[in-house]
Every structure is written in structure tokens, then in C-alpha cells.
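K.L.:
Input file: structure35.txt. Contents: compact mmCIF, C-alpha atoms and all ligand atoms.
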```
# COMPACT_ATOMS: atom_id res chain seq x y z
CA MET A 1 12.83 11.14 16.09
CA LEU A 2 11.67 10.38 12.57
CA LYS A 3 10.17 7.01 13.49
CA GLU A 4 7.99 8.53 16.26
CA GLU A 5 6.94 11.32 13.91
CA VAL A 6 5.81 8.78 11.30
CA LEU A 7 3.84 6.87 13.95
CA ARG A 8 2.20 10.10 15.12
CA LEU A 9 1.22 11.16 11.59
CA LYS A 10 -0.17 7.69 10.96
CA ARG A 11 -2.47 7.95 13.99
CA GLU A 12 -3.52 11.55 13.21
CA LYS A 13 -4.39 10.83 9.60
CA ASN A 14 -5.87 7.35 10.09
CA ALA A 15 -3.22 5.98 7.75
CA VAL A 16 -1.84 2.52 7.33
CA ILE A 17 1.64 1.60 6.07
CA LEU A 18 1.98 -1.59 4.05
CA ALA A 19 5.58 -2.75 3.53
CA HIS A 20 6.80 -5.42 1.18
CA ASN A 21 9.18 -8.10 2.48
CA TYR A 22 12.04 -6.63 0.43
CA GLN A 23 11.80 -3.18 2.06
CA LEU A 24 14.56 -1.70 4.22
CA PRO A 25 14.38 -2.63 7.95
CA GLU A 26 13.81 1.07 8.91
CA VAL A 27 10.66 1.05 6.76
CA LYS A 28 9.44 -2.28 8.14
CA ASP A 29 9.82 -0.82 11.63
CA VAL A 30 6.96 1.66 11.02
CA ALA A 31 4.74 -0.68 8.98
CA ASP A 32 1.35 -1.98 10.09
CA PHE A 33 1.67 -5.00 7.82
CA ILE A 34 4.71 -6.63 6.24
CA GLY A 35 4.13 -9.21 3.55
CA ASP A 36 4.35 -10.35 -0.04
CA SER A 37 2.26 -9.01 -2.92
CA LEU A 38 -0.70 -11.28 -2.18
CA ASN A 39 -0.88 -10.56 1.54
CA LEU A 40 -0.47 -6.84 1.05
CA SER A 41 -3.22 -6.77 -1.60
CA MET A 42 -5.49 -8.59 0.82
CA GLU A 43 -4.66 -6.10 3.58
CA ALA A 44 -5.27 -3.26 1.13
CA ALA A 45 -8.68 -4.76 0.31
CA ARG A 46 -9.82 -4.91 3.95
CA THR A 47 -8.25 -1.83 5.53
CA LYS A 48 -10.48 0.78 7.17
CA ALA A 49 -7.76 3.45 6.94
CA ASP A 50 -8.32 6.63 4.92
CA ILE A 51 -4.76 6.71 3.61
CA ILE A 52 -2.63 3.78 2.47
CA VAL A 53 1.10 4.41 2.22
CA PHE A 54 2.47 1.65 0.09
CA ALA A 55 6.12 0.94 0.83
CA GLY A 56 6.86 -1.16 -2.20
CA VAL A 57 7.08 -0.71 -5.96
CA TYR A 58 4.65 1.12 -8.21
CA PHE A 59 2.61 -1.82 -9.54
CA MET A 60 1.89 -2.85 -5.93
CA ALA A 61 0.60 0.61 -5.03
CA GLU A 62 -1.51 0.51 -8.19
CA THR A 63 -3.04 -2.79 -7.03
CA ALA A 64 -3.91 -1.17 -3.70
CA ALA A 65 -5.47 1.79 -5.57
CA ILE A 66 -7.49 -0.55 -7.81
CA LEU A 67 -8.90 -2.30 -4.74
CA ASN A 68 -9.56 0.97 -2.88
CA PRO A 69 -10.89 3.50 -5.39
CA ASP A 70 -12.21 5.73 -2.57
CA LYS A 71 -9.01 5.82 -0.54
CA LYS A 72 -5.89 7.87 -0.94
CA VAL A 73 -3.06 5.52 -1.92
CA LEU A 74 0.41 7.02 -1.70
CA ILE A 75 3.81 5.76 -2.81
CA PRO A 76 6.81 7.43 -1.18
CA ASP A 77 8.83 7.33 -4.42
CA PRO A 78 7.00 7.05 -7.75
CA GLY A 79 10.28 6.03 -9.41
CA ALA A 80 10.11 2.63 -7.69
CA GLY A 81 9.58 0.56 -10.82
CA CYS A 82 10.07 -3.09 -11.63
CA SER A 83 12.09 -4.64 -14.47
CA LEU A 84 9.69 -7.57 -14.63
CA ALA A 85 6.49 -5.50 -14.79
CA SER A 86 8.05 -3.31 -17.50
CA SER A 87 8.73 -6.29 -19.76
CA VAL A 88 5.16 -6.59 -21.07
CA SER A 89 2.51 -4.12 -22.27
CA ALA A 90 -1.26 -4.31 -22.76
CA ALA A 91 -0.64 -4.16 -26.54
CA ASP A 92 1.51 -7.33 -26.27
CA VAL A 93 -1.33 -9.14 -24.49
CA LEU A 94 -3.95 -7.97 -26.98
CA GLU A 95 -1.77 -9.20 -29.85
CA TRP A 96 -1.63 -12.71 -28.29
CA ARG A 97 -5.39 -12.59 -27.72
CA ARG A 98 -5.95 -11.73 -31.39
CA ARG A 99 -4.09 -14.91 -32.34
CA HIS A 100 -5.83 -17.01 -29.62
CA PRO A 101 -9.48 -15.91 -29.45
CA ASN A 102 -10.31 -18.75 -27.05
CA GLY A 103 -7.21 -18.14 -24.95
CA VAL A 104 -6.86 -17.45 -21.24
CA VAL A 105 -4.32 -14.91 -19.98
CA VAL A 106 -2.84 -15.38 -16.51
CA ALA A 107 -0.85 -12.37 -15.37
CA TYR A 108 1.56 -12.52 -12.47
CA ILE A 109 0.80 -9.74 -9.99
CA ASN A 110 4.06 -8.05 -11.03
CA THR A 111 2.37 -6.25 -13.93
CA TYR A 112 1.01 -2.75 -14.44
CA ALA A 113 -2.72 -1.98 -14.24
CA GLU A 114 -3.15 -1.81 -18.05
CA VAL A 115 -1.86 -5.37 -18.38
CA LYS A 116 -4.02 -6.67 -15.54
CA ALA A 117 -7.02 -5.03 -17.23
CA VAL A 118 -6.61 -7.18 -20.36
CA SER A 119 -5.90 -10.39 -18.44
CA ASP A 120 -8.35 -13.02 -17.17
CA TYR A 121 -6.59 -13.85 -13.93
CA VAL A 122 -3.98 -12.21 -11.78
CA CYS A 123 -1.84 -14.61 -9.73
CA THR A 124 1.09 -14.67 -7.33
CA SER A 125 3.73 -17.33 -6.80
CA ALA A 126 1.58 -18.62 -3.92
CA ASN A 127 -1.46 -19.47 -6.07
CA CYS A 128 -0.25 -19.68 -9.71
CA LEU A 129 -0.28 -23.50 -9.80
CA LYS A 130 -3.87 -23.68 -8.48
CA ILE A 131 -5.06 -21.10 -11.02
CA ILE A 132 -3.41 -22.74 -14.03
CA GLU A 133 -4.71 -26.16 -12.96
CA ALA A 134 -8.27 -24.79 -12.75
CA ILE A 135 -8.30 -23.68 -16.42
CA PRO A 136 -10.12 -26.25 -18.59
CA SER A 137 -7.70 -28.27 -20.72
CA GLY A 138 -7.94 -27.48 -24.41
CA ARG A 139 -7.92 -23.72 -23.87
CA PRO A 140 -4.66 -22.02 -24.84
CA VAL A 141 -2.99 -20.28 -21.89
CA LEU A 142 -0.56 -17.37 -21.84
CA PHE A 143 1.38 -16.92 -18.63
CA LEU A 144 3.18 -13.60 -18.24
CA PRO A 145 5.55 -11.91 -17.70
CA ASP A 146 8.02 -14.08 -15.73
CA LYS A 147 9.64 -16.80 -17.83
CA TYR A 148 11.25 -18.57 -14.85
CA LEU A 149 7.98 -18.80 -12.95
CA GLY A 150 6.29 -19.86 -16.22
CA LEU A 151 8.83 -22.65 -16.77
CA TYR A 152 8.39 -23.77 -13.16
CA ILE A 153 4.58 -23.89 -13.63
CA LYS A 154 5.00 -25.85 -16.85
CA ALA A 155 7.33 -28.37 -15.19
CA LYS A 156 5.01 -28.79 -12.16
CA THR A 157 1.69 -29.02 -14.00
CA GLY A 158 2.89 -30.67 -17.24
CA ARG A 159 0.57 -28.29 -19.07
CA GLU A 160 1.48 -26.73 -22.42
CA ILE A 161 1.41 -22.98 -21.91
CA ASP A 162 2.76 -19.99 -23.77
CA ILE A 163 5.27 -18.17 -21.59
CA TRP A 164 6.17 -14.51 -21.93
CA ASP A 165 9.91 -13.92 -22.19
CA GLY A 166 10.27 -11.54 -19.25
CA GLU A 167 12.45 -11.74 -16.16
CA CYS A 168 13.24 -9.94 -12.94
CA HIS A 169 16.87 -8.83 -13.18
CA VAL A 170 17.32 -9.51 -9.45
CA HIS A 171 15.97 -13.07 -9.38
CA ALA A 172 17.74 -13.84 -12.69
CA LYS A 173 21.03 -13.46 -10.78
CA ILE A 174 20.14 -16.43 -8.59
CA THR A 175 21.51 -19.20 -10.77
CA SER A 176 21.85 -22.89 -10.14
CA PRO A 177 25.72 -22.80 -9.93
CA LYS A 178 25.38 -20.18 -7.15
CA ILE A 179 22.93 -22.35 -5.19
CA THR A 180 25.03 -25.47 -5.69
CA ALA A 181 28.11 -23.63 -4.37
CA LYS A 182 26.17 -22.61 -1.24
CA ILE A 183 24.86 -26.15 -0.75
CA LYS A 184 28.46 -27.45 -0.80
CA LEU A 185 29.41 -24.92 1.89
CA TYR A 186 26.36 -25.53 4.11
CA ARG A 187 25.44 -29.17 3.73
CA ASP A 188 23.01 -29.19 6.68
CA ALA A 189 20.92 -26.29 5.35
CA GLU A 190 17.42 -26.56 3.93
CA VAL A 191 17.04 -24.88 0.53
CA LEU A 192 14.11 -22.47 0.04
CA ILE A 193 13.64 -21.12 -3.48
CA HIS A 194 11.32 -18.47 -4.88
CA PRO A 195 10.12 -19.79 -8.25
CA GLU A 196 10.93 -16.43 -9.92
CA CYS A 197 14.64 -17.31 -9.58
CA GLY A 198 16.79 -18.05 -12.61
CA CYS A 199 17.63 -21.44 -11.11
CA GLY A 200 13.97 -22.54 -10.69
CA THR A 201 13.53 -25.46 -13.09
CA ALA A 202 17.20 -26.55 -12.97
CA CYS A 203 16.92 -26.82 -9.17
CA LEU A 204 13.57 -28.62 -9.44
CA LEU A 205 15.17 -31.29 -11.64
CA GLU A 206 18.78 -31.42 -10.39
CA LEU A 207 18.74 -30.96 -6.60
CA PRO A 208 16.67 -34.11 -5.92
CA LYS A 209 19.45 -36.06 -7.72
CA MET A 210 21.80 -34.76 -4.97
CA GLY A 211 19.41 -36.14 -2.35
CA LEU A 212 17.96 -32.71 -1.55
CA SER A 213 14.32 -31.65 -1.40
CA PRO A 214 14.29 -27.92 -2.13
CA LYS A 215 11.09 -26.10 -1.18
CA PHE A 216 9.61 -23.76 -3.79
CA LEU A 217 7.81 -21.05 -1.86
CA SER A 218 6.52 -17.52 -2.08
CA THR A 219 8.25 -15.17 0.36
CA GLU A 220 5.25 -15.49 2.68
CA GLY A 221 5.51 -19.27 2.34
CA MET A 222 9.17 -19.01 3.42
CA VAL A 223 8.19 -17.16 6.60
CA LYS A 224 5.62 -19.83 7.51
CA TYR A 225 8.00 -22.65 6.61
CA VAL A 226 11.00 -21.58 8.72
CA LYS A 227 8.78 -21.06 11.77
CA GLN A 228 7.71 -24.68 11.86
CA SER A 229 10.86 -26.35 10.51
CA PRO A 230 13.21 -28.03 13.02
CA ALA A 231 16.17 -27.04 10.78
CA ARG A 232 18.57 -24.42 12.14
CA ARG A 233 20.03 -23.23 8.84
CA PHE A 234 18.45 -22.24 5.51
CA ILE A 235 19.74 -21.19 2.10
CA ILE A 236 17.37 -18.49 0.90
CA ALA A 237 16.96 -17.95 -2.84
CA THR A 238 15.15 -14.64 -3.33
CA GLU A 239 15.81 -10.93 -2.83
CA VAL A 240 17.95 -10.56 0.31
CA GLY A 241 15.47 -8.23 2.08
CA ILE A 242 13.39 -11.26 3.10
CA ILE A 243 16.16 -12.31 5.50
CA ASP A 244 15.39 -9.39 7.82
CA ARG A 245 11.73 -10.53 7.98
CA LEU A 246 12.79 -14.14 8.67
CA GLU A 247 15.07 -12.97 11.48
CA ARG A 248 12.22 -10.91 12.97
CA GLU A 249 9.69 -13.73 12.91
CA ALA A 250 11.86 -16.81 13.38
CA PRO A 251 14.93 -15.59 15.29
CA GLY A 252 17.78 -17.82 16.40
CA LYS A 253 18.16 -19.55 13.04
CA GLU A 254 20.71 -18.91 10.31
CA TYR A 255 19.63 -17.61 6.91
CA ILE A 256 22.17 -17.70 4.11
CA PRO A 257 21.41 -15.75 0.92
CA ALA A 258 21.83 -17.85 -2.23
CA ALA A 259 23.18 -14.71 -3.93
CA GLU A 260 24.35 -11.74 -1.84
CA ASP A 261 23.91 -9.42 -4.82
CA ALA A 262 20.20 -10.22 -5.24
CA ILE A 263 19.18 -6.72 -4.16
CA CYS A 264 16.29 -4.84 -5.74
CA GLU A 265 17.34 -1.24 -6.13
CA TYR A 266 13.74 -0.24 -6.85
CA MET A 267 12.55 -1.56 -3.48
CA LYS A 268 15.45 0.17 -1.74
CA LEU A 269 14.39 3.57 -3.16
CA ILE A 270 11.84 3.74 -0.35
CA THR A 271 13.49 5.13 2.78
CA LEU A 272 12.06 6.15 6.16
CA ASP A 273 12.67 9.77 5.20
CA LYS A 274 10.52 9.37 2.05
CA VAL A 275 7.79 7.53 3.98
CA HIS A 276 7.70 10.45 6.41
CA ARG A 277 7.48 13.04 3.62
CA SER A 278 4.84 10.97 1.85
CA LEU A 279 2.62 10.91 4.95
CA LYS A 280 3.23 14.54 5.88
CA GLU A 281 2.63 16.03 2.43
CA GLU A 282 0.30 13.25 1.21
CA ILE A 283 2.42 12.57 -1.86
CA TYR A 284 2.65 10.80 -4.34
CA ARG A 285 -0.91 9.78 -4.99
CA VAL A 286 -1.43 6.72 -7.19
CA VAL A 287 -4.57 6.93 -9.30
CA VAL A 288 -5.70 4.30 -11.80
CA PRO A 289 -8.35 5.47 -14.31
CA GLU A 290 -11.65 3.80 -13.44
CA ASP A 291 -12.15 2.13 -16.85
CA ILE A 292 -8.80 0.32 -16.40
CA ALA A 293 -9.28 -0.24 -12.67
CA LYS A 294 -12.69 -1.87 -13.18
CA LYS A 295 -11.32 -4.53 -15.55
CA ALA A 296 -8.14 -5.07 -13.52
CA ARG A 297 -10.24 -5.46 -10.33
CA LEU A 298 -12.13 -8.35 -11.89
CA ALA A 299 -8.89 -10.23 -12.67
CA ILE A 300 -7.57 -9.57 -9.15
CA GLU A 301 -10.83 -10.66 -7.51
CA ARG A 302 -10.70 -13.94 -9.46
CA MET A 303 -7.29 -14.49 -7.82
CA PHE A 304 -8.73 -14.01 -4.33
CA GLU A 305 -10.99 -17.01 -4.96
CA PHE A 306 -7.76 -19.08 -4.97
CA ALA A 307 -6.03 -17.31 -2.06
S1 LIG B 401 12.72 -7.87 -7.06
FE1 LIG B 401 12.38 -7.99 -9.29
S2 LIG B 401 10.20 -8.47 -9.47
FE2 LIG B 401 10.52 -7.67 -7.40
S3 LIG B 401 10.15 -5.47 -7.58
FE3 LIG B 401 12.36 -5.78 -7.86
S4 LIG B 401 12.60 -5.90 -10.08
FE4 LIG B 401 10.43 -6.23 -9.68
```
Output the file's structure as C-alpha cells, nothing else.
Ligand code: SF4
P.N.:
Amino acid sequence: MLKEEVLRLKREKNAVILAHNYQLPEVKDVADFIGDSLNLSMEAARTKADIIVFAGVYFMAETAAILNPDKKVLIPDPGAGCSLASSVSAADVLEWRRRHPNGVVVAYINTYAEVKAVSDYVCTSANCLKIIEAIPSGRPVLFLPDKYLGLYIKAKTGREIDIWDGECHVHAKITSPKITAKIKLYRDAEVLIHPECGCGTACLLELPKMGLSPKFLSTEGMVKYVKQSPARRFIIATEVGIIDRLEREAPGKEYIPAAEDAICEYMKLITLDKVHRSLKEEIYRVVVPEDIAKKARLAIERMFEFA
């Protein structure tokens, strides 16, 4: 069977498989670690394996390669892109820097290596608030590339920041009318929202007026939250792949997607078949040129101080 074959190859080659929360269940079944971008980067930083198969999208595999210059990092399908990461280039960042010589650039982890290399900090949804709050007031800040996460940060911290006008086409589909419709159907459910969602700030301001306390969490935060919550039912506002992870780790509860069509086709490009081929043939290797990797590594390591 393919699954057993993957497990055998993994042992033989001293390989590790890291799978993002949005991956297909068949891929999660062979993974050593399942997590969000932050957790997987931390696993990539401490692994003793010789080969890392990154079951996720390209910028994530690049992050693993930046943190492990001596290891072979493979992605089962190099076409696994990201609409959000593609929305900003290093030239865009350098242009903002030219206009703000004293400025600080905070790049969400969903960016390509070239963008990380010209940023001061990398962040995830789990630590973005802490990082922005630690920047001395008076210094201009550019947050990129996710405008919804940027607006959420601005609303939470009250800080004036420049926000790049990028979005994830999947999370943009999760709008506040969709969440409100689900809340009306499932009045006893707790509402968990990833701040990348299109509804982020509207929900932050409007749902408390309906007597609700939505929780804004990274996908990893959602996993931790449902485990300890006494609630039996949750409305989940993020890519639907997280629901499989929630069911694995906190079974017996009901998870309702805020938007059934919030499916990332890039994540779903990675299949068990491609993971198998990737391990067997040791393809497709992700290499980041060392001059870019060195600068990007600095920005990522600054993030780990806030992890
Ligand atoms: S869900 Fe959105 S942000 Fe995440 S990989 Fe897909 S396109 Fe990129």
C-alpha cells in the first residue's frame, strides 16, 4: 500500500514529513508533524532528519530551506503557490523603504524568500500583535501582504501602520454575512476566526454587539482552544482543511465551516501519490540562494524571539 511505502521510505532515508493543517487527510496520515506555518518552521529548525518533505505551499518549503541550508528540502509539487504571497515583491518593499528610511517592515510568513530578505521581521497570525507592539512608537511600520490581518492588527493595537493591499483569495471568501448566517443557524456555537479572513475587523466590531465573543486565533490556536473549551459546537472561519485536524485532536465535537467553499486549491495539489514520488525520487528540491537566505533567516529568527 502507498501509505506503508511512504513510511518505509521515510525510515530508510531518515526523512521527515511536515504537513500543514490545510493538507488532505491522506497526507496528514503519513506526516511526522502537522501544524501551522509557525509550528512547522520551528519543527524544520530543530529536525535531525536528512530530508524534509514539506507538504504545504512553496513559500513554506522555502522557509524550511532557509532554516536548514545543509538539508535536502523537497516539495511534492512545486506548483503549490499562494495568492497572498504572490501579491508583493521585494521591489515593492524596497520602494516603501526608499520613502521611509527609518521604517520597519513586518512581513507575514506568507511571503517569498526575496520579500523576507528585505524585511525586518517575519511574523505569523500567532505573534503579529506582539511583534508590532514591540516596535518603538514613532517609527513608521509597513505590514504586508495581508490587508485583513493588517486591519485586524491596526484595530487591536490602535497603531497607525501602512498596510499592503494583498489578500488570500480563500480567506477573502469568508465574509461577515456568511458568518452571521451561520451564527443564526447554530446559536450555541462558539465562533473561531482566523484574522486573515475577509470578515476580520467587521466581526471584531459587530459580533460583540450581538452578545458574542468571537475568538481570533491562528489555526494552531484553534486546535488548542477547542481541546480545552467545554463547548460542543464551533463555527470555524478559515480554510476547511483545519476541520480534519480538529476532529483528529478533539473528537466528539461539531465543527461547522463558516464558508464551505474556503478551499485552497494550492494546498490540495499535494497528494499522497506526489508525496511518495517526492520521497522516492527526491524531487523537487527547494533551494534558496545563500545571499537571500542569510537575510531572510535573520528576519525569521527575530520572529522566534516572540514565539
Ligand atoms: S489558504 Fe490562502 S494564504 Fe494559505 S496557502 Fe492558500 S492561498 Fe496562500
K.L.:
If the box runs along x, y and z of the file and leaves 8 Å on each side of ligand LIG 401 (chain B), what are its centre and edge lengths in Å, one decimal, as AutoDock Vina command-line options?
P.N.:
```
--center_x 11.4 --center_y -7.0 --center_z -8.6 --size_x 18.6 --size_y 19.0 --size_z 19.0
```
K.L.:
Just want the 10 Å neighbourhood of Glu206 (chain A), counted on only C-alpha atoms, with same-chain residues fewer than 5 positions away dropped. Output as a list in words.
P.N.:
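My list of contacting residues is Ser176, Thr180, Thr201, Gly211 and Leu212 of chain A.
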K.L.:
Can you measure CA of Tyr112 (chain A) to CA of Ile153 (chain A) for me? One decimal in Å is fine.
P.N.:
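So the answer is 21.5 Å.
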K.L.:
Expressed in Å to a single decimal, how great is the separation between CA of His171 (chain A) and CA of Ala258 (chain A)?
P.N.:
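According to the coordinates, CA of His171 (chain A) and CA of Ala258 (chain A) are separated by 10.4 Å.
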K.L.:
In Å to one decimal, how far is CA of Ala65 (chain A) from CA of Lys294 (chain A)?
P.N.:
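CA of Ala65 (chain A) lies at a distance of 11.1 Å from CA of Lys294 (chain A).
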K.L.:
Point out the residue among A:Ser137, A:Ser229, A:Ser83, A:Ser213 with the least atom-to-atom distance to ligand LIG 401 (chain B), counting only C-alpha atoms and all ligand atoms.
P.N.:
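When distances to ligand LIG 401 (chain B) are compared using only C-alpha atoms and all ligand atoms, the smallest one comes from A:Ser83.
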K.L.:
Taking a cut-off of 7 Å and counting only C-alpha atoms and all ligand atoms, can you build a table that, for each residue of chain A near ligand LIG 401 (chain B), reports the nearest atom pair and how far apart they are in Å (one decimal), sorted by chain then residue number, as JSON lines?
P.N.:
```
{"residue": "A:Val57", "atom": "CA", "partner": "B:LIG401", "partner_atom": "S3", "distance": 5.9}
{"residue": "A:Gly81", "atom": "CA", "partner": "B:LIG401", "partner_atom": "S3", "distance": 6.9}
{"residue": "A:Cys82", "atom": "CA", "partner": "B:LIG401", "partner_atom": "FE4", "distance": 3.7}
{"residue": "A:Ser83", "atom": "CA", "partner": "B:LIG401", "partner_atom": "S4", "distance": 4.6}
{"residue": "A:Leu84", "atom": "CA", "partner": "B:LIG401", "partner_atom": "FE4", "distance": 5.2}
{"residue": "A:Ala85", "atom": "CA", "partner": "B:LIG401", "partner_atom": "FE4", "distance": 6.5}
{"residue": "A:Asn110", "atom": "CA", "partner": "B:LIG401", "partner_atom": "S2", "distance": 6.3}
{"residue": "A:Cys168", "atom": "CA", "partner": "B:LIG401", "partner_atom": "FE1", "distance": 4.2}
{"residue": "A:His169", "atom": "CA", "partner": "B:LIG401", "partner_atom": "FE1", "distance": 6.0}
{"residue": "A:Val170", "atom": "CA", "partner": "B:LIG401", "partner_atom": "FE1", "distance": 5.2}
{"residue": "A:His171", "atom": "CA", "partner": "B:LIG401", "partner_atom": "FE1", "distance": 6.2}
{"residue": "A:Glu239", "atom": "CA", "partner": "B:LIG401", "partner_atom": "S1", "distance": 6.1}
{"residue": "A:Cys264", "atom": "CA", "partner": "B:LIG401", "partner_atom": "FE3", "distance": 4.6}
{"residue": "A:Glu265", "atom": "CA", "partner": "B:LIG401", "partner_atom": "FE3", "distance": 7.0}
{"residue": "A:Tyr266", "atom": "CA", "partner": "B:LIG401", "partner_atom": "FE3", "distance": 5.8}
{"residue": "A:Met267", "atom": "CA", "partner": "B:LIG401", "partner_atom": "FE3", "distance": 6.1}
```
K.L.:
Create the file for the chosen residues now, containing C-alpha atoms and written as an mmCIF file, keeping the file's coordinate frame.
P.N.:
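And here is the file that came out, selection-v2.cif:
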```
data_model
loop_
_atom_site.group_PDB
_atom_site.id
_atom_site.type_symbol
_atom_site.label_atom_id
_atom_site.label_comp_id
_atom_site.auth_asym_id
_atom_site.auth_seq_id
_atom_site.Cartn_x
_atom_site.Cartn_y
_atom_site.Cartn_z
ATOM 1 C CA VAL A 57 7.080 -0.710 -5.960
ATOM 2 C CA GLY A 81 9.580 0.560 -10.820
ATOM 3 C CA CYS A 82 10.070 -3.090 -11.630
ATOM 4 C CA SER A 83 12.090 -4.640 -14.470
ATOM 5 C CA LEU A 84 9.690 -7.570 -14.630
ATOM 6 C CA ALA A 85 6.490 -5.500 -14.790
ATOM 7 C CA ASN A 110 4.060 -8.050 -11.030
ATOM 8 C CA CYS A 168 13.240 -9.940 -12.940
ATOM 9 C CA HIS A 169 16.870 -8.830 -13.180
ATOM 10 C CA VAL A 170 17.320 -9.510 -9.450
ATOM 11 C CA HIS A 171 15.970 -13.070 -9.380
ATOM 12 C CA GLU A 239 15.810 -10.930 -2.830
ATOM 13 C CA CYS A 264 16.290 -4.840 -5.740
ATOM 14 C CA GLU A 265 17.340 -1.240 -6.130
ATOM 15 C CA TYR A 266 13.740 -0.240 -6.850
ATOM 16 C CA MET A 267 12.550 -1.560 -3.480
#
```
K.L.:
So that I can see what lies close to Val27 (chain A), please list as a ChimeraX atom specification the residues with an atom at most 8 Å from it, counting all atoms listed in the file and leaving out residues fewer than 4 positions away in the same chain.
P.N.:
/A:19,23,31,55,270-272,275
K.L.:
Print the selection's residues with C-alpha atoms to a file, as a PDB file, keeping the file's coordinate frame.
P.N.:
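Writing done, so here's selection_29.pdb:
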```pdb
ATOM      1  CA  ALA A  19       5.580  -2.750   3.530  1.00  0.00           C
ATOM      2  CA  GLN A  23      11.800  -3.180   2.060  1.00  0.00           C
ATOM      3  CA  ALA A  31       4.740  -0.680   8.980  1.00  0.00           C
ATOM      4  CA  ALA A  55       6.120   0.940   0.830  1.00  0.00           C
ATOM      5  CA  ILE A 270      11.840   3.740  -0.350  1.00  0.00           C
ATOM      6  CA  THR A 271      13.490   5.130   2.780  1.00  0.00           C
ATOM      7  CA  LEU A 272      12.060   6.150   6.160  1.00  0.00           C
ATOM      8  CA  VAL A 275       7.790   7.530   3.980  1.00  0.00           C
TER       9      VAL A 275
END
```
K.L.:
Which neighbours of Ala202 (chain A) fall inside 12 Å, counting all atoms listed in the file, when residues of the same chain fewer than 6 positions from it are skipped, and could you give them as a list in words?
P.N.:
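Contacts, with the query itself left out: Tyr148, Leu151, Tyr152, Ala155, Ile174, Thr175, Ser176, Pro177, Lys178, Ile179, Thr180, Ile193, Pro195, Pro208, Lys209 and Pro214 of chain A.
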K.L.:
Show which residues sit within 10 Å of Pro69 (chain A), as an MDAnalysis selection string. Count only C-alpha atoms, and ignore same-chain residues fewer than 4 positions away.
P.N.:
chainID A and resid 64:65 73 287:290 293:294
